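Colleague: mmCIF, C-alpha atoms, file model.cif:
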```
data_coords
#
loop_
_atom_site.label_atom_id
_atom_site.label_comp_id
_atom_site.auth_asym_id
_atom_site.auth_seq_id
_atom_site.Cartn_x
_atom_site.Cartn_y
_atom_site.Cartn_z
CA MET A 1 0.00 0.00 0.00
CA HIS A 2 1.27 3.44 -0.92
CA ALA A 3 2.55 5.35 2.11
CA SER A 4 0.18 8.31 1.69
CA VAL A 5 -2.83 6.02 1.19
CA ARG A 6 -1.84 4.04 4.25
CA ARG A 7 -1.53 7.16 6.39
CA THR A 8 -4.92 8.39 5.16
CA THR A 9 -6.54 5.03 5.92
CA ILE A 10 -5.08 5.02 9.42
CA ALA A 11 -6.27 8.59 10.03
CA VAL A 12 -9.82 7.74 8.87
CA ALA A 13 -9.90 4.58 11.00
CA ASP A 14 -8.60 6.53 13.99
CA ALA A 15 -11.30 9.17 13.56
CA ALA A 16 -13.96 6.47 13.13
CA THR A 17 -12.82 4.78 16.34
CA GLU A 18 -13.09 8.01 18.30
CA GLY A 19 -16.49 8.63 16.72
CA LEU A 20 -17.72 5.21 17.78
CA ASP A 21 -16.50 5.85 21.30
CA ILE A 22 -18.54 9.06 21.53
CA ALA A 23 -21.52 7.48 19.75
CA THR A 24 -21.78 4.64 22.28
CA VAL A 25 -21.96 7.16 25.13
CA VAL A 26 -24.68 9.17 23.38
CA ILE A 27 -26.70 6.15 22.31
CA GLY A 28 -26.46 4.46 25.71
CA GLY A 29 -27.48 7.64 27.51
CA ALA A 30 -30.39 8.27 25.15
CA ILE A 31 -31.72 4.73 25.49
CA GLY A 32 -31.38 4.82 29.26
CA ALA A 33 -33.14 8.18 29.56
CA TRP A 34 -35.98 7.12 27.28
CA ALA A 35 -36.51 3.81 29.05
CA ALA A 36 -36.34 5.33 32.53
CA TYR A 37 -38.78 8.13 31.75
CA THR A 38 -41.17 5.87 29.83
CA TYR A 39 -41.39 3.10 32.40
CA SER A 40 -41.18 5.15 35.59
CA PRO A 41 -44.41 5.16 37.66
CA ASP A 42 -47.03 7.64 36.46
CA THR A 43 -47.66 8.61 40.05
CA TRP A 44 -44.23 10.27 40.27
CA ALA A 45 -43.99 14.00 39.81
CA GLY A 46 -42.50 15.23 36.55
CA ASP A 47 -39.32 16.50 38.23
CA TRP A 48 -38.75 13.14 39.89
CA ARG A 49 -39.23 11.32 36.60
CA LEU A 50 -36.72 13.61 34.88
CA ALA A 51 -34.19 13.20 37.67
CA PHE A 52 -34.60 9.41 37.55
CA ALA A 53 -34.23 9.44 33.76
CA GLY A 54 -31.02 11.47 34.04
CA ALA A 55 -29.50 9.11 36.58
CA VAL A 56 -30.37 6.05 34.50
CA ALA A 57 -29.01 7.77 31.38
CA VAL A 58 -25.60 8.19 33.02
CA VAL A 59 -25.48 4.58 34.15
CA ALA A 60 -26.61 3.32 30.75
CA ALA A 61 -24.07 5.48 28.92
CA VAL A 62 -21.23 4.08 31.03
CA ALA A 63 -22.48 0.51 30.67
CA VAL A 64 -22.87 0.66 26.88
CA ASN A 65 -19.50 2.38 26.47
CA SER A 66 -17.82 -0.27 28.62
CA LEU A 67 -19.28 -3.01 26.44
CA ALA A 68 -18.13 -1.18 23.33
CA GLU A 69 -14.58 -1.00 24.75
CA LEU A 70 -14.38 -4.79 24.40
CA PHE A 71 -14.38 -4.17 20.66
CA LEU A 72 -12.70 -0.75 20.52
CA THR A 73 -9.64 -1.60 22.66
CA PRO A 74 -8.27 -4.29 20.29
CA LEU A 75 -8.99 -1.96 17.37
CA ARG A 76 -7.01 0.84 19.03
CA ARG A 77 -4.09 -1.53 19.53
CA LEU A 78 -4.11 -2.41 15.84
CA LEU A 79 -4.21 1.27 14.88
CA THR A 80 -1.35 2.10 17.24
CA LYS A 81 0.76 -0.68 15.77
CA ALA A 82 -0.10 0.38 12.21
CA ARG A 83 0.69 4.02 13.01
CA SER A 84 4.10 3.15 14.44
CA THR A 85 5.08 1.00 11.45
CA ALA A 86 3.88 3.70 9.04
CA GLN A 87 6.32 6.26 10.40
CA PRO A 88 9.40 6.65 8.17
CA THR A 89 12.64 5.49 9.70
CA THR A 90 15.00 8.47 9.82
CA THR A 91 17.43 7.33 12.49
CA ARG A 92 20.87 6.88 11.08
CA ARG A 93 23.22 4.34 12.55
CA HIS A 94 26.72 5.64 12.99
CA THR A 95 29.66 3.28 13.20
CA ALA A 96 32.70 4.56 15.05
CA PRO A 97 36.01 4.15 13.23
CA ALA A 98 38.50 1.56 14.40
CA ALA A 99 40.65 2.50 17.37
CA PRO A 100 43.64 4.57 16.20
CA ALA A 101 47.10 3.04 16.28
CA THR A 102 48.91 6.36 16.55
CA LEU A 103 48.35 9.81 17.99
CA SER A 104 48.13 11.25 14.50
CA GLU A 105 45.34 8.84 13.58
CA GLY A 106 43.50 9.70 16.78
CA LEU A 107 43.83 13.42 16.08
CA ALA A 108 42.51 12.92 12.55
CA GLN A 109 39.48 11.04 13.84
CA VAL A 110 38.70 13.72 16.41
CA ALA A 111 39.14 16.44 13.79
CA THR A 112 36.63 14.69 11.53
CA ALA A 113 34.23 14.27 14.45
CA THR A 114 34.59 17.97 15.26
CA GLU A 115 33.72 18.91 11.68
CA ASN A 116 30.68 16.62 11.67
CA ASP A 117 29.57 17.95 15.04
CA ALA A 118 29.86 21.55 13.83
CA ALA A 119 27.75 20.78 10.76
CA SER A 120 25.13 19.04 12.89
CA ARG A 121 24.98 21.90 15.41
CA ALA A 122 24.74 24.48 12.64
CA ALA A 123 21.82 22.63 11.05
CA SER A 124 20.10 22.32 14.42
CA HIS A 125 20.58 25.97 15.38
CA ALA A 126 19.47 27.09 11.91
CA TRP A 127 15.93 26.60 13.18
CA GLU A 128 16.32 30.08 14.67
CA LEU A 129 16.57 31.46 11.14
CA ASP A 130 14.44 29.06 9.13
CA GLN A 131 11.26 27.79 10.78
CA GLY A 132 9.65 26.89 7.49
CA ASP A 133 10.39 23.87 5.36
CA GLY A 134 13.85 23.32 6.83
CA PHE A 135 15.95 24.66 3.95
CA LEU A 136 18.76 25.75 6.27
CA ARG A 137 18.33 22.71 8.48
CA ALA A 138 19.56 20.24 5.87
CA GLU A 139 22.63 18.87 7.62
CA ASP A 140 24.20 17.55 4.44
CA ARG A 141 24.35 21.11 3.05
CA TRP A 142 26.50 22.31 5.95
CA ARG A 143 30.29 21.90 5.95
CA GLY A 144 31.91 21.79 9.36
CA TYR A 145 35.44 22.85 10.24
CA GLU A 146 37.95 21.93 12.92
CA ASP A 147 37.42 25.23 14.75
CA ALA A 148 33.78 24.16 15.39
CA THR A 149 32.40 26.59 12.81
CA ALA A 150 30.43 25.64 9.71
CA SER A 151 29.35 27.14 6.41
CA PHE A 152 26.34 26.73 4.13
CA PHE A 153 26.84 27.37 0.41
CA LEU A 154 23.98 29.65 -0.68
CA ALA A 155 25.06 30.75 -4.14
CA PRO A 156 28.31 31.27 -6.05
CA GLY A 157 30.40 33.57 -3.91
CA VAL A 158 27.98 33.63 -0.96
CA TRP A 159 28.06 31.53 2.23
CA LEU A 160 26.17 31.50 5.48
CA HIS A 161 28.66 31.11 8.31
CA TYR A 162 27.93 29.58 11.72
CA ARG A 163 29.83 29.96 14.96
CA THR A 164 29.07 30.32 18.66
CA ALA A 165 29.83 33.28 20.92
CA LYS A 166 29.05 34.33 24.47
CA ASN A 167 25.84 36.29 24.84
CA LYS A 168 25.10 38.87 27.52
CA TYR A 169 24.24 36.05 29.92
CA GLY A 170 27.64 34.43 29.49
CA ARG A 171 26.23 31.45 27.58
CA ASN A 172 27.25 30.18 24.19
CA ALA A 173 24.77 31.20 21.52
CA ALA A 174 24.61 30.58 17.79
CA ARG A 175 25.78 33.39 15.54
CA PHE A 176 25.12 33.43 11.79
CA THR A 177 26.80 35.77 9.33
CA LEU A 178 26.63 36.20 5.58
CA LEU A 179 30.03 36.02 3.90
CA THR A 180 31.05 36.72 0.33
CA GLY A 181 34.09 35.88 -1.72
CA ASP A 182 34.44 39.57 -2.56
CA GLY A 183 35.77 40.37 0.90
CA ASP A 184 32.67 42.36 1.90
CA GLN A 185 32.06 43.05 5.56
CA PRO A 186 30.36 40.00 7.17
CA VAL A 187 26.67 40.72 7.84
CA PRO A 188 24.91 39.31 10.92
CA ILE A 189 21.83 37.29 9.96
CA THR A 190 18.86 36.66 12.25
CA ASN A 191 16.23 35.35 9.81
CA VAL A 192 15.97 33.81 6.37
CA GLU A 193 14.28 36.92 4.94
CA GLN A 194 17.51 38.88 5.43
CA ILE A 195 19.32 36.28 3.35
CA ARG A 196 16.71 36.56 0.60
CA HIS A 197 16.96 40.35 0.62
CA ARG A 198 20.74 40.35 0.28
CA LEU A 199 20.84 37.68 -2.40
CA ALA A 200 18.20 39.60 -4.36
CA ALA A 201 20.23 42.80 -4.02
CA ARG A 202 23.37 40.99 -5.13
CA ALA A 203 21.58 39.48 -8.13
CA ALA A 204 20.38 42.96 -9.14
CA GLY A 205 23.84 44.42 -8.72
CA LEU A 206 22.70 46.66 -5.88
CA PRO A 207 24.72 47.31 -2.72
CA ALA A 208 23.44 45.68 0.46
CA VAL A 209 24.44 47.93 3.36
CA PRO A 210 25.43 45.93 6.47
CA VAL A 211 22.98 46.12 9.35
CA THR A 212 24.07 47.97 12.50
CA VAL A 213 23.74 45.63 15.47
CA ASP A 214 24.61 45.44 19.15
CA THR A 215 28.28 44.52 19.26
CA GLU A 216 27.82 42.61 22.49
CA ASP A 217 25.24 40.25 21.08
CA HIS A 218 26.41 40.09 17.47
CA ALA A 219 30.15 40.59 17.52
CA VAL A 220 31.75 39.61 14.22
CA ASP A 221 35.39 38.62 14.03
CA ASP A 222 37.43 40.63 11.55
CA ASP A 223 39.16 37.50 10.30
CA LEU A 224 35.86 36.19 8.88
CA THR A 225 36.04 38.74 6.05
CA GLY A 226 36.70 36.98 2.76
CA LEU A 227 36.47 33.49 4.27
CA HIS A 228 36.07 30.86 1.53
CA ALA A 229 37.15 33.42 -1.08
CA ASN A 230 39.41 30.83 -2.63
CA ALA A 231 37.10 27.87 -2.02
#
```
Rewrite the coordinates I just gave you, this time as structure tokens.
Modeller:
Amino acid sequence: MHASVRRTTIAVADAATEGLDIATVVIGGAIGAWAAYTYSPDTWAGDWRLAFAGAVAVVAAVAVNSLAELFLTPLRRLLTKARSTAQPTTTRRHTAPAAPATLSEGLAQVATATENDAASRAASHAWELDQGDGFLRAEDRWRGYEDATASFFLAPGVWLHYRTAKNKYGRNAARFTLLTGDGDQPVPITNVEQIRHRLAARAAGLPAVPVTVDTEDHAVDDDLTGLHANA
């Protein structure tokens, strides 16, 4: 069965199960109220007959729903199992490299791990910029470096750079800057719209004036200018 058809079928069955659960309560209550009011003694006052009908309706609703659970519970188990198997498997299994025989080999392995970690962290923190379809959160588009920074190739001559820096609370926070191969001043980026604006300006041949920001929260290292210019 096609994945989308399967998910739709499960969703419909799930909704139908919940509907049956509610229906049994309504039907049981209605039958109990009707029977209690109809067969209660005629000598009772109207208020007493209504009160009696209400009490019987509650009991009947619970009783009928409990009987229905004998059928609904196994059905819910089947739906839960089907829902779990319908979920795509996205967990990747990572195999650690063989133990290094020399210090140089160990250093190389740690360097590679540092680069992979930087790329993963950059993709994760990119949620702060891109809360849409995850364009900037594609980990395979990020390239990590040994200094725990990473870059995302946006267009020829333009990269989004990731690093961490202390914020005003003394905690490490993600910092994103737009870099160009032309040696332009790095521009702090806080949302994906700023990237779109600057790429559009660049495509039109218009200057994109850097944004003035709080130097404490968005300090940009001078040595970032022109990074990747020769990449």
Colleague: Would you kindly translate the PyMOL selection byres ((chain A and resi 154) around 10) into the concrete residues it picks from this file, as a short mmCIF file (atom, residue, chain, number, x, y, z; two decimals) with C-alpha atoms, in the frame of the given file?
Modeller:
```
data_model
loop_
_atom_site.label_atom_id
_atom_site.label_comp_id
_atom_site.auth_asym_id
_atom_site.auth_seq_id
_atom_site.Cartn_x
_atom_site.Cartn_y
_atom_site.Cartn_z
CA LEU A 136 18.76 25.75 6.27
CA ARG A 141 24.35 21.11 3.05
CA SER A 151 29.35 27.14 6.41
CA PHE A 152 26.34 26.73 4.13
CA PHE A 153 26.84 27.37 0.41
CA ALA A 155 25.06 30.75 -4.14
CA PRO A 156 28.31 31.27 -6.05
CA GLY A 157 30.40 33.57 -3.91
CA VAL A 158 27.98 33.63 -0.96
CA TRP A 159 28.06 31.53 2.23
CA LEU A 160 26.17 31.50 5.48
CA LEU A 178 26.63 36.20 5.58
CA LEU A 179 30.03 36.02 3.90
CA ILE A 195 19.32 36.28 3.35
CA LEU A 199 20.84 37.68 -2.40
#
```
Colleague: Using only C-alpha atoms and a cutoff of 12 Å, can you tell me which residues are near (30.7, 24.7, 15.6) in the file's coordinates, and write them out as an MDAnalysis selection string?
Modeller: chainID A and resid 111 113:125 142:151 161:165 172:176
Colleague: Distance CA of Gly134 (chain A)-CA of Tyr169 (chain A), one decimal place?
Modeller: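 Value for the CA of Gly134 (chain A)-CA of Tyr169 (chain A) distance: 28.3 Å.
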Colleague: Considering only C-alpha atoms, return as a list in words whatever protein or nucleic-acid residues lie within 6 Å of region 61-76 of chain A, sequence-local ones (same chain, fewer than 4 positions apart) excluded.
Modeller: Thr24, Val25, Gly28, Gly29 and Ala57 of chain A
Colleague: Could you work out how far CA of Ala126 (chain A) lies from CA of Thr190 (chain A), giving the answer in Å with one decimal?
Modeller: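 Atom-to-atom, CA of Thr190 (chain A) to CA of Ala126 (chain A), that is 9.6 Å.
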Colleague: Using the chain letters and residue numbers of this document, give as an mmCIF file with C-alpha atoms, in the frame of the given file the residues selected by the PyMOL selection byres ((chain A and resi 198) around 12).
Modeller:
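Heads up, here's the output in part.cif:
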```
data_model
loop_
_atom_site.group_PDB
_atom_site.id
_atom_site.type_symbol
_atom_site.label_atom_id
_atom_site.label_comp_id
_atom_site.auth_asym_id
_atom_site.auth_seq_id
_atom_site.Cartn_x
_atom_site.Cartn_y
_atom_site.Cartn_z
ATOM 1 C CA LEU A 154 23.980 29.650 -0.680
ATOM 2 C CA ALA A 155 25.060 30.750 -4.140
ATOM 3 C CA VAL A 158 27.980 33.630 -0.960
ATOM 4 C CA TRP A 159 28.060 31.530 2.230
ATOM 5 C CA LEU A 160 26.170 31.500 5.480
ATOM 6 C CA THR A 177 26.800 35.770 9.330
ATOM 7 C CA LEU A 178 26.630 36.200 5.580
ATOM 8 C CA LEU A 179 30.030 36.020 3.900
ATOM 9 C CA THR A 180 31.050 36.720 0.330
ATOM 10 C CA PRO A 186 30.360 40.000 7.170
ATOM 11 C CA VAL A 187 26.670 40.720 7.840
ATOM 12 C CA PRO A 188 24.910 39.310 10.920
ATOM 13 C CA ILE A 189 21.830 37.290 9.960
ATOM 14 C CA ASN A 191 16.230 35.350 9.810
ATOM 15 C CA VAL A 192 15.970 33.810 6.370
ATOM 16 C CA GLU A 193 14.280 36.920 4.940
ATOM 17 C CA GLN A 194 17.510 38.880 5.430
ATOM 18 C CA ILE A 195 19.320 36.280 3.350
ATOM 19 C CA ARG A 196 16.710 36.560 0.600
ATOM 20 C CA HIS A 197 16.960 40.350 0.620
ATOM 21 C CA LEU A 199 20.840 37.680 -2.400
ATOM 22 C CA ALA A 200 18.200 39.600 -4.360
ATOM 23 C CA ALA A 201 20.230 42.800 -4.020
ATOM 24 C CA ARG A 202 23.370 40.990 -5.130
ATOM 25 C CA ALA A 203 21.580 39.480 -8.130
ATOM 26 C CA ALA A 204 20.380 42.960 -9.140
ATOM 27 C CA GLY A 205 23.840 44.420 -8.720
ATOM 28 C CA LEU A 206 22.700 46.660 -5.880
ATOM 29 C CA PRO A 207 24.720 47.310 -2.720
ATOM 30 C CA ALA A 208 23.440 45.680 0.460
ATOM 31 C CA VAL A 209 24.440 47.930 3.360
ATOM 32 C CA PRO A 210 25.430 45.930 6.470
ATOM 33 C CA VAL A 211 22.980 46.120 9.350
#
```
Colleague: Return as a PyMOL selection string the set of residues that the PyMOL selection byres ((chain A and resi 35-39) around 12) yields on the displayed structure.
Modeller: chain A and resi 28-34+40-60
Colleague: Which value, in Å to one decimal, gives the distance between CA of Ala108 (chain A) and CA of Ala138 (chain A)?
Modeller: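 It comes out at 25.0 Å.
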